[in-house]
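coords23.cif, holding mmCIF, C-alpha atoms; chains and numbers go by the auth columns:
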```cif
data_upload
loop_
_atom_site.group_PDB
_atom_site.id
_atom_site.type_symbol
_atom_site.label_atom_id
_atom_site.label_comp_id
_atom_site.label_asym_id
_atom_site.label_seq_id
_atom_site.Cartn_x
_atom_site.Cartn_y
_atom_site.Cartn_z
_atom_site.B_iso_or_equiv
_atom_site.auth_seq_id
_atom_site.auth_asym_id
ATOM 1 C CA MET A 1 0.000 0.000 0.000 0.00 163 A
ATOM 2 C CA SER A 2 2.831 2.393 0.815 0.00 164 A
ATOM 3 C CA GLN A 3 4.190 1.978 -2.714 0.00 165 A
ATOM 4 C CA LEU A 4 0.803 2.883 -4.226 0.00 166 A
ATOM 5 C CA VAL A 5 0.413 5.884 -1.922 0.00 167 A
ATOM 6 C CA GLN A 6 3.907 7.085 -2.856 0.00 168 A
ATOM 7 C CA SER A 7 3.307 6.557 -6.575 0.00 169 A
ATOM 8 C CA PHE A 8 0.146 8.657 -6.417 0.00 170 A
ATOM 9 C CA SER A 9 1.871 11.278 -4.274 0.00 171 A
ATOM 10 C CA ASN A 10 4.676 11.574 -6.832 0.00 172 A
ATOM 11 C CA ARG A 11 2.008 12.643 -9.315 0.00 173 A
ATOM 12 C CA GLY A 12 0.335 15.141 -7.022 0.00 174 A
ATOM 13 C CA LEU A 13 -2.508 12.806 -6.103 0.00 175 A
ATOM 14 C CA GLY A 14 -3.559 11.971 -2.566 0.00 176 A
ATOM 15 C CA ILE A 15 -4.866 8.977 -0.694 0.00 177 A
ATOM 16 C CA LYS A 16 -8.485 9.904 -1.409 0.00 178 A
ATOM 17 C CA ASP A 17 -7.618 10.015 -5.130 0.00 179 A
ATOM 18 C CA LEU A 18 -6.077 6.542 -4.879 0.00 180 A
ATOM 19 C CA VAL A 19 -9.209 5.102 -3.295 0.00 181 A
ATOM 20 C CA ALA A 20 -11.600 6.977 -5.595 0.00 182 A
ATOM 21 C CA LEU A 21 -9.785 6.066 -8.815 0.00 183 A
ATOM 22 C CA SER A 22 -9.535 2.431 -7.740 0.00 184 A
ATOM 23 C CA GLY A 23 -13.331 2.493 -7.884 0.00 185 A
ATOM 24 C CA GLY A 24 -12.963 2.365 -11.656 0.00 186 A
ATOM 25 C CA HIS A 25 -12.587 -1.373 -11.080 0.00 187 A
ATOM 26 C CA THR A 26 -16.355 -1.449 -10.685 0.00 188 A
ATOM 27 C CA LEU A 27 -16.369 -1.943 -14.475 0.00 189 A
ATOM 28 C CA GLY A 28 -13.688 -4.575 -14.814 0.00 190 A
ATOM 29 C CA PHE A 29 -12.814 -8.179 -15.541 0.00 191 A
ATOM 30 C CA SER A 30 -9.624 -10.031 -14.763 0.00 192 A
ATOM 31 C CA HIS A 31 -8.214 -13.231 -16.189 0.00 193 A
ATOM 32 C CA CYS A 32 -7.176 -15.915 -13.715 0.00 194 A
ATOM 33 C CA SER A 33 -3.481 -15.336 -14.362 0.00 195 A
ATOM 34 C CA SER A 34 -3.757 -11.890 -12.744 0.00 196 A
ATOM 35 C CA PHE A 35 -4.942 -13.162 -9.363 0.00 197 A
ATOM 36 C CA GLU A 36 -4.274 -16.907 -9.148 0.00 198 A
ATOM 37 C CA SER A 37 -1.284 -16.303 -6.857 0.00 199 A
ATOM 38 C CA ARG A 38 -3.821 -15.379 -4.162 0.00 200 A
ATOM 39 C CA LEU A 39 -5.614 -18.738 -4.492 0.00 201 A
ATOM 40 C CA ARG A 40 -2.869 -21.345 -4.072 0.00 202 A
ATOM 41 C CA ASN A 41 0.474 -21.465 -2.263 0.00 203 A
ATOM 42 C CA PHE A 42 0.035 -17.852 -1.162 0.00 204 A
ATOM 43 C CA SER A 43 2.675 -18.044 1.558 0.00 205 A
ATOM 44 C CA VAL A 44 4.481 -20.505 3.787 0.00 206 A
ATOM 45 C CA SER A 45 1.721 -20.245 6.383 0.00 207 A
ATOM 46 C CA HIS A 46 -1.348 -19.680 4.145 0.00 208 A
ATOM 47 C CA ASP A 47 -2.471 -21.561 1.060 0.00 209 A
ATOM 48 C CA ILE A 48 -5.042 -18.841 0.274 0.00 210 A
ATOM 49 C CA ASP A 49 -4.546 -15.103 0.784 0.00 211 A
ATOM 50 C CA PRO A 50 -6.023 -14.585 4.279 0.00 212 A
ATOM 51 C CA SER A 51 -7.505 -11.230 3.267 0.00 213 A
ATOM 52 C CA LEU A 52 -9.901 -13.061 0.909 0.00 214 A
ATOM 53 C CA SER A 53 -13.214 -14.294 2.233 0.00 215 A
ATOM 54 C CA VAL A 54 -13.072 -18.105 2.348 0.00 216 A
ATOM 55 C CA GLU A 55 -16.303 -18.408 0.353 0.00 217 A
ATOM 56 C CA PHE A 56 -15.080 -16.028 -2.360 0.00 218 A
ATOM 57 C CA ALA A 57 -11.703 -17.777 -2.563 0.00 219 A
ATOM 58 C CA GLN A 58 -13.485 -21.090 -3.176 0.00 220 A
ATOM 59 C CA GLN A 59 -15.595 -19.498 -5.933 0.00 221 A
ATOM 60 C CA LEU A 60 -12.448 -18.149 -7.578 0.00 222 A
ATOM 61 C CA ARG A 61 -10.728 -21.529 -7.314 0.00 223 A
ATOM 62 C CA GLN A 62 -13.675 -23.142 -9.119 0.00 224 A
ATOM 63 C CA LYS A 63 -13.465 -20.577 -11.912 0.00 225 A
ATOM 64 C CA CYS A 64 -9.685 -20.899 -12.104 0.00 226 A
ATOM 65 C CA PRO A 65 -8.812 -24.566 -11.587 0.00 227 A
ATOM 66 C CA LYS A 66 -5.290 -25.943 -11.878 0.00 228 A
ATOM 67 C CA PRO A 67 -4.473 -26.866 -14.555 0.00 229 A
ATOM 68 C CA ASN A 68 -6.644 -24.428 -16.475 0.00 230 A
ATOM 69 C CA ASN A 69 -6.733 -24.676 -20.254 0.00 231 A
ATOM 70 C CA ASP A 70 -9.372 -21.951 -20.617 0.00 232 A
ATOM 71 C CA ILE A 71 -7.411 -18.756 -21.291 0.00 233 A
ATOM 72 C CA THR A 72 -10.634 -16.730 -21.148 0.00 234 A
ATOM 73 C CA ALA A 73 -11.479 -17.829 -17.594 0.00 235 A
ATOM 74 C CA GLY A 74 -11.627 -15.128 -14.973 0.00 236 A
ATOM 75 C CA GLN A 75 -13.748 -13.008 -12.703 0.00 237 A
ATOM 76 C CA PHE A 76 -15.638 -9.742 -12.907 0.00 238 A
ATOM 77 C CA LEU A 77 -14.238 -7.274 -10.389 0.00 239 A
ATOM 78 C CA ASP A 78 -17.601 -6.669 -8.747 0.00 240 A
ATOM 79 C CA SER A 79 -21.082 -8.183 -8.813 0.00 241 A
ATOM 80 C CA THR A 80 -22.563 -5.367 -10.926 0.00 242 A
ATOM 81 C CA SER A 81 -19.832 -5.301 -13.559 0.00 243 A
ATOM 82 C CA SER A 82 -21.907 -3.472 -16.172 0.00 244 A
ATOM 83 C CA SER A 83 -22.959 -0.684 -13.784 0.00 245 A
ATOM 84 C CA PHE A 84 -20.790 2.146 -12.531 0.00 246 A
ATOM 85 C CA ASP A 85 -21.678 2.092 -8.846 0.00 247 A
ATOM 86 C CA ASN A 86 -20.187 1.608 -5.386 0.00 248 A
ATOM 87 C CA ASP A 87 -20.550 -2.183 -5.250 0.00 249 A
ATOM 88 C CA TYR A 88 -16.760 -2.478 -5.627 0.00 250 A
ATOM 89 C CA TYR A 89 -16.272 -0.850 -2.202 0.00 251 A
ATOM 90 C CA LYS A 90 -18.923 -3.021 -0.568 0.00 252 A
ATOM 91 C CA ARG A 91 -17.076 -6.080 -1.844 0.00 253 A
ATOM 92 C CA LEU A 92 -13.755 -4.809 -0.479 0.00 254 A
ATOM 93 C CA ILE A 93 -15.302 -4.672 2.992 0.00 255 A
ATOM 94 C CA GLN A 94 -16.580 -8.248 2.531 0.00 256 A
ATOM 95 C CA GLY A 95 -13.115 -9.559 1.561 0.00 257 A
ATOM 96 C CA LYS A 96 -14.185 -10.092 -2.044 0.00 258 A
ATOM 97 C CA ALA A 97 -11.626 -8.072 -3.988 0.00 259 A
ATOM 98 C CA VAL A 98 -10.067 -9.903 -6.912 0.00 260 A
ATOM 99 C CA PHE A 99 -6.751 -8.038 -6.687 0.00 261 A
ATOM 100 C CA GLY A 100 -4.656 -7.984 -3.538 0.00 262 A
ATOM 101 C CA SER A 101 -3.899 -4.291 -4.015 0.00 263 A
ATOM 102 C CA ASP A 102 -7.633 -3.571 -4.039 0.00 264 A
ATOM 103 C CA GLN A 103 -8.238 -5.668 -0.926 0.00 265 A
ATOM 104 C CA ALA A 104 -5.450 -3.789 0.848 0.00 266 A
ATOM 105 C CA LEU A 105 -7.506 -0.589 0.563 0.00 267 A
ATOM 106 C CA ALA A 106 -10.045 -2.019 3.014 0.00 268 A
ATOM 107 C CA GLY A 107 -7.418 -3.087 5.518 0.00 269 A
ATOM 108 C CA ASP A 108 -5.042 -0.132 5.604 0.00 270 A
ATOM 109 C CA LEU A 109 -5.670 2.513 8.268 0.00 271 A
ATOM 110 C CA ARG A 110 -4.946 5.284 5.750 0.00 272 A
ATOM 111 C CA THR A 111 -7.648 4.135 3.332 0.00 273 A
ATOM 112 C CA LYS A 112 -10.162 2.053 5.289 0.00 274 A
ATOM 113 C CA SER A 113 -12.431 4.932 6.333 0.00 275 A
ATOM 114 C CA ILE A 114 -12.572 6.236 2.758 0.00 276 A
ATOM 115 C CA VAL A 115 -13.535 2.767 1.483 0.00 277 A
ATOM 116 C CA GLU A 116 -16.266 2.605 4.124 0.00 278 A
ATOM 117 C CA SER A 117 -17.538 6.081 3.201 0.00 279 A
ATOM 118 C CA PHE A 118 -17.732 5.223 -0.495 0.00 280 A
ATOM 119 C CA ALA A 119 -19.417 1.884 0.289 0.00 281 A
ATOM 120 C CA SER A 120 -22.163 3.617 2.246 0.00 282 A
ATOM 121 C CA ASP A 121 -22.572 6.733 0.076 0.00 283 A
ATOM 122 C CA GLN A 122 -22.615 6.181 -3.675 0.00 284 A
ATOM 123 C CA SER A 123 -23.124 9.894 -4.407 0.00 285 A
ATOM 124 C CA LEU A 124 -19.983 10.715 -2.438 0.00 286 A
ATOM 125 C CA PHE A 125 -18.056 8.132 -4.471 0.00 287 A
ATOM 126 C CA PHE A 126 -19.357 9.641 -7.730 0.00 288 A
ATOM 127 C CA ARG A 127 -18.307 13.168 -6.682 0.00 289 A
ATOM 128 C CA GLU A 128 -14.867 12.108 -5.494 0.00 290 A
ATOM 129 C CA PHE A 129 -14.272 9.890 -8.533 0.00 291 A
ATOM 130 C CA ALA A 130 -15.100 12.784 -10.875 0.00 292 A
ATOM 131 C CA ALA A 131 -12.838 15.180 -8.970 0.00 293 A
ATOM 132 C CA SER A 132 -9.990 12.662 -8.949 0.00 294 A
ATOM 133 C CA MET A 133 -10.387 11.991 -12.677 0.00 295 A
ATOM 134 C CA VAL A 134 -9.992 15.721 -13.340 0.00 296 A
ATOM 135 C CA LYS A 135 -6.852 15.775 -11.193 0.00 297 A
ATOM 136 C CA LEU A 136 -5.517 12.686 -12.970 0.00 298 A
ATOM 137 C CA GLY A 137 -6.198 14.303 -16.330 0.00 299 A
ATOM 138 C CA ASN A 138 -3.925 17.168 -15.351 0.00 300 A
ATOM 139 C CA VAL A 139 -0.980 14.958 -14.381 0.00 301 A
ATOM 140 C CA GLY A 140 1.973 15.470 -16.684 0.00 302 A
ATOM 141 C CA VAL A 141 0.261 17.970 -18.963 0.00 303 A
ATOM 142 C CA ILE A 142 2.754 19.819 -21.153 0.00 304 A
ATOM 143 C CA GLU A 143 1.517 23.393 -21.245 0.00 305 A
ATOM 144 C CA ASN A 144 3.303 24.352 -24.461 0.00 306 A
ATOM 145 C CA GLY A 145 2.352 21.173 -26.264 0.00 307 A
ATOM 146 C CA GLU A 146 0.098 20.913 -29.267 0.00 308 A
ATOM 147 C CA VAL A 147 -3.205 19.274 -30.033 0.00 309 A
ATOM 148 C CA ARG A 148 -2.570 17.190 -33.114 0.00 310 A
ATOM 149 C CA VAL A 149 -5.013 17.254 -35.987 0.00 311 A
ATOM 150 C CA LYS A 150 -3.806 13.736 -36.885 0.00 312 A
ATOM 151 C CA CYS A 151 -2.465 11.882 -33.860 0.00 313 A
ATOM 152 C CA ARG A 152 0.319 10.163 -35.830 0.00 314 A
ATOM 153 C CA VAL A 153 1.767 13.356 -37.294 0.00 315 A
ATOM 154 C CA ALA A 154 3.002 16.527 -35.574 0.00 316 A
ATOM 155 C CA ASN A 155 1.245 19.661 -36.845 0.00 317 A
#
```
Please express the file's structure as C-alpha cells.
Amino acid sequence: MSQLVQSFSNRGLGIKDLVALSGGHTLGFSHCSSFESRLRNFSVSHDIDPSLSVEFAQQLRQKCPKPNNDITAGQFLDSTSSSFDNDYYKRLIQGKAVFGSDQALAGDLRTKSIVESFASDQSLFFREFAASMVKLGNVGVIENGEVRVKCRVAN
C-alpha cells in the first residue's frame, strides 16, 4: 500500500484520489493469471490469501482450476460489472476483492475509512471519482504542447 500511496503522491494525487480512482474497477474483468497467486500457495503459512473471504476464494478456485486450459477464464471485479456504482467498495469490505492491491484498501488505516464512506454513500463516491479523474487528467500535462489534428503526425 505504501508503494501505491507514494506513486500517487509523486504525481500530485492523494490517498483519497487513490481510493476513488480504484473504484474504476467497478467496471472490470480479470483473467485468472492476474490473481491466481492469491488462491494457491500464497505463503508458507497460508495456502489462500487470508484477506480473501473463504467463500469467495473457493468461488475463484472453481473458476480458475489448476491446470486451467481456458485462457478466457476469470472473474468480474464486482457483482454489478456493467454498472458504474459503489458495489466495488462493498465487496472490499466483505473480503471479495479480486486483486490484492484492491483488498489492501479495506485493511489499511490510511484508506479504510474512505472505502467505508464510499461503500455507504454512492453519491460521495461519484463526486470524489469525478474530482480525482480531473486531477488525474492534469498529471503530466505539457503546457506548451500541441493538439494534433492527426495523432500520428506533428502539426
Write out as a PyMOL selection string the residues lying within 12 Å of segment 212-219 of chain A, counting all atoms listed in the file and excluding same-chain residues fewer than 4 positions away.
chain A and resi 197-205+207-208+223-227+237+239-241+253-270
Thr242 of chain A surroundings by all atoms listed in the file, 10 Å radius, close-in-sequence under 4 positions cut, as an mmCIF file with C-alpha atoms, in the frame of the given file:
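This went into result-v4.cif:
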```cif
data_model
loop_
_atom_site.group_PDB
_atom_site.id
_atom_site.type_symbol
_atom_site.label_atom_id
_atom_site.label_comp_id
_atom_site.auth_asym_id
_atom_site.auth_seq_id
_atom_site.Cartn_x
_atom_site.Cartn_y
_atom_site.Cartn_z
ATOM 1 C CA THR A 188 -16.355 -1.449 -10.685
ATOM 2 C CA LEU A 189 -16.369 -1.943 -14.475
ATOM 3 C CA GLY A 190 -13.688 -4.575 -14.814
ATOM 4 C CA PHE A 238 -15.638 -9.742 -12.907
ATOM 5 C CA PHE A 246 -20.790 2.146 -12.531
ATOM 6 C CA ASP A 247 -21.678 2.092 -8.846
ATOM 7 C CA ASN A 248 -20.187 1.608 -5.386
ATOM 8 C CA ASP A 249 -20.550 -2.183 -5.250
ATOM 9 C CA TYR A 250 -16.760 -2.478 -5.627
#
```
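Using only C-alpha atoms for every distance, the candidate list A:Leu222, A:Ile276, A:Ile210, A:Val303 yields A:Ile276 as the residue closest to Glu290 of chain A.
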Take the PyMOL selection byres ((chain A and resi 280) around 10), apply it to the structure above, and return the hits as a ChimeraX atom specification.
/A:181-182,185,247-252,275-279,281-288,290-291
Using all atoms listed in the file, find the one residue out of A:Val206, A:Met163, A:Leu175, A:Ile233 that sits nearest to Cys194 of chain A.
A:Ile233
Just the number, please: distance in Å from atom CA of His187 of chain A to atom CA of Phe170 of chain A, one decimal.
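Value for the atom CA of His187 of chain A-atom CA of Phe170 of chain A distance: 16.9 Å.
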Listed atoms of segment 200-212 of chain A, axis-aligned box, 3 Å per side: centre and edge lengths to one decimal in Å, as lines of an AutoDock Vina configuration file?
```
center_x = -0.8
center_y = -18.1
center_z = 0.9
size_x = 16.5
size_y = 13.0
size_z = 16.9
```
Record the distance separating atom CA of Lys178 of chain A and atom CA of Val301 of chain A, expressed in Å with one decimal.
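Atom-to-atom, atom CA of Lys178 of chain A and atom CA of Val301 of chain A are spaced 15.8 Å apart.
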Please, what distance in Å, to one decimal, runs between atom CA of Asn306 of chain A and atom CA of Ser294 of chain A?
23.5 Å
Residues within 12 Å of Gly307 of chain A, all atoms listed in the file, excluding chain neighbours under 4 positions, as a PyMOL selection string:
chain A and resi 302-303+316-317
Where atoms are lacking, segment 284-317 of chain A completed to N, CA and C atoms, as an mmCIF file, in the frame of the given file:
```cif
data_model
loop_
_atom_site.group_PDB
_atom_site.id
_atom_site.type_symbol
_atom_site.label_atom_id
_atom_site.label_comp_id
_atom_site.auth_asym_id
_atom_site.auth_seq_id
_atom_site.Cartn_x
_atom_site.Cartn_y
_atom_site.Cartn_z
ATOM 1 N N GLN A 284 -22.951 6.237 -2.253
ATOM 2 C CA GLN A 284 -22.615 6.181 -3.675
ATOM 3 C C GLN A 284 -22.439 7.571 -4.278
ATOM 4 N N SER A 285 -23.246 8.526 -3.879
ATOM 5 C CA SER A 285 -23.124 9.894 -4.407
ATOM 6 C C SER A 285 -21.774 10.500 -4.050
ATOM 7 N N LEU A 286 -21.306 10.242 -2.844
ATOM 8 C CA LEU A 286 -19.983 10.715 -2.438
ATOM 9 C C LEU A 286 -18.915 10.097 -3.333
ATOM 10 N N PHE A 287 -19.004 8.789 -3.571
ATOM 11 C CA PHE A 287 -18.056 8.132 -4.471
ATOM 12 C C PHE A 287 -18.085 8.784 -5.845
ATOM 13 N N PHE A 288 -19.257 9.018 -6.402
ATOM 14 C CA PHE A 288 -19.357 9.641 -7.730
ATOM 15 C C PHE A 288 -18.670 11.003 -7.749
ATOM 16 N N ARG A 289 -18.922 11.831 -6.733
ATOM 17 C CA ARG A 289 -18.307 13.168 -6.682
ATOM 18 C C ARG A 289 -16.788 13.081 -6.580
ATOM 19 N N GLU A 290 -16.313 12.227 -5.697
ATOM 20 C CA GLU A 290 -14.867 12.108 -5.494
ATOM 21 C C GLU A 290 -14.185 11.464 -6.698
ATOM 22 N N PHE A 291 -14.843 10.511 -7.334
ATOM 23 C CA PHE A 291 -14.272 9.890 -8.533
ATOM 24 C C PHE A 291 -14.120 10.940 -9.629
ATOM 25 N N ALA A 292 -15.158 11.740 -9.841
ATOM 26 C CA ALA A 292 -15.100 12.784 -10.875
ATOM 27 C C ALA A 292 -13.986 13.781 -10.575
ATOM 28 N N ALA A 293 -13.883 14.219 -9.337
ATOM 29 C CA ALA A 293 -12.838 15.180 -8.970
ATOM 30 C C ALA A 293 -11.446 14.576 -9.160
ATOM 31 N N SER A 294 -11.289 13.322 -8.802
ATOM 32 C CA SER A 294 -9.990 12.662 -8.949
ATOM 33 C C SER A 294 -9.643 12.422 -10.413
ATOM 34 N N MET A 295 -10.640 12.152 -11.240
ATOM 35 C CA MET A 295 -10.387 11.991 -12.677
ATOM 36 C C MET A 295 -9.894 13.299 -13.284
ATOM 37 N N VAL A 296 -10.456 14.414 -12.855
ATOM 38 C CA VAL A 296 -9.992 15.721 -13.340
ATOM 39 C C VAL A 296 -8.540 15.931 -12.922
ATOM 40 N N LYS A 297 -8.236 15.637 -11.666
ATOM 41 C CA LYS A 297 -6.852 15.775 -11.193
ATOM 42 C C LYS A 297 -5.912 14.865 -11.980
ATOM 43 N N LEU A 298 -6.335 13.632 -12.213
ATOM 44 C CA LEU A 298 -5.517 12.686 -12.970
ATOM 45 C C LEU A 298 -5.292 13.178 -14.395
ATOM 46 N N GLY A 299 -6.313 13.770 -14.971
ATOM 47 C CA GLY A 299 -6.198 14.303 -16.330
ATOM 48 C C GLY A 299 -5.201 15.437 -16.450
ATOM 49 N N ASN A 300 -4.888 16.066 -15.344
ATOM 50 C CA ASN A 300 -3.925 17.168 -15.351
ATOM 51 C C ASN A 300 -2.510 16.733 -14.989
ATOM 52 N N VAL A 301 -2.316 15.462 -14.714
ATOM 53 C CA VAL A 301 -0.980 14.958 -14.381
ATOM 54 C C VAL A 301 -0.131 14.911 -15.647
ATOM 55 N N GLY A 302 1.022 15.538 -15.578
ATOM 56 C CA GLY A 302 1.973 15.470 -16.684
ATOM 57 C C GLY A 302 1.581 16.235 -17.930
ATOM 58 N N VAL A 303 0.673 17.178 -17.803
ATOM 59 C CA VAL A 303 0.261 17.970 -18.963
ATOM 60 C C VAL A 303 1.394 18.907 -19.354
ATOM 61 N N ILE A 304 1.735 18.912 -20.632
ATOM 62 C CA ILE A 304 2.754 19.819 -21.153
ATOM 63 C C ILE A 304 2.032 21.074 -21.635
ATOM 64 N N GLU A 305 2.280 22.179 -20.958
ATOM 65 C CA GLU A 305 1.517 23.393 -21.245
ATOM 66 C C GLU A 305 1.795 23.979 -22.620
ATOM 67 N N ASN A 306 2.991 23.804 -23.143
ATOM 68 C CA ASN A 306 3.303 24.352 -24.461
ATOM 69 C C ASN A 306 3.221 23.292 -25.546
ATOM 70 N N GLY A 307 2.497 22.231 -25.277
ATOM 71 C CA GLY A 307 2.352 21.173 -26.264
ATOM 72 C C GLY A 307 1.371 21.579 -27.347
ATOM 73 N N GLU A 308 1.037 20.627 -28.187
ATOM 74 C CA GLU A 308 0.098 20.913 -29.267
ATOM 75 C C GLU A 308 -0.983 19.849 -29.307
ATOM 76 N N VAL A 309 -2.139 20.224 -29.777
ATOM 77 C CA VAL A 309 -3.205 19.274 -30.033
ATOM 78 C C VAL A 309 -3.076 18.890 -31.492
ATOM 79 N N ARG A 310 -2.804 17.639 -31.739
ATOM 80 C CA ARG A 310 -2.570 17.190 -33.114
ATOM 81 C C ARG A 310 -3.881 17.019 -33.864
ATOM 82 N N VAL A 311 -3.867 17.454 -35.105
ATOM 83 C CA VAL A 311 -5.013 17.254 -35.987
ATOM 84 C C VAL A 311 -5.093 15.772 -36.340
ATOM 85 N N LYS A 312 -3.930 15.177 -36.651
ATOM 86 C CA LYS A 312 -3.806 13.736 -36.885
ATOM 87 C C LYS A 312 -2.829 13.225 -35.836
ATOM 88 N N CYS A 313 -3.261 12.288 -35.018
ATOM 89 C CA CYS A 313 -2.465 11.882 -33.860
ATOM 90 C C CYS A 313 -1.107 11.292 -34.225
ATOM 91 N N ARG A 314 -0.947 10.792 -35.440
ATOM 92 C CA ARG A 314 0.319 10.163 -35.830
ATOM 93 C C ARG A 314 1.330 11.147 -36.401
ATOM 94 N N VAL A 315 0.894 12.378 -36.636
ATOM 95 C CA VAL A 315 1.767 13.356 -37.294
ATOM 96 C C VAL A 315 1.740 14.669 -36.514
ATOM 97 N N ALA A 316 2.939 15.210 -36.220
ATOM 98 C CA ALA A 316 3.002 16.527 -35.574
ATOM 99 C C ALA A 316 2.464 17.580 -36.530
ATOM 100 N N ASN A 317 1.800 18.589 -35.993
ATOM 101 C CA ASN A 317 1.245 19.661 -36.845
ATOM 102 C C ASN A 317 2.358 20.457 -37.508
#
```
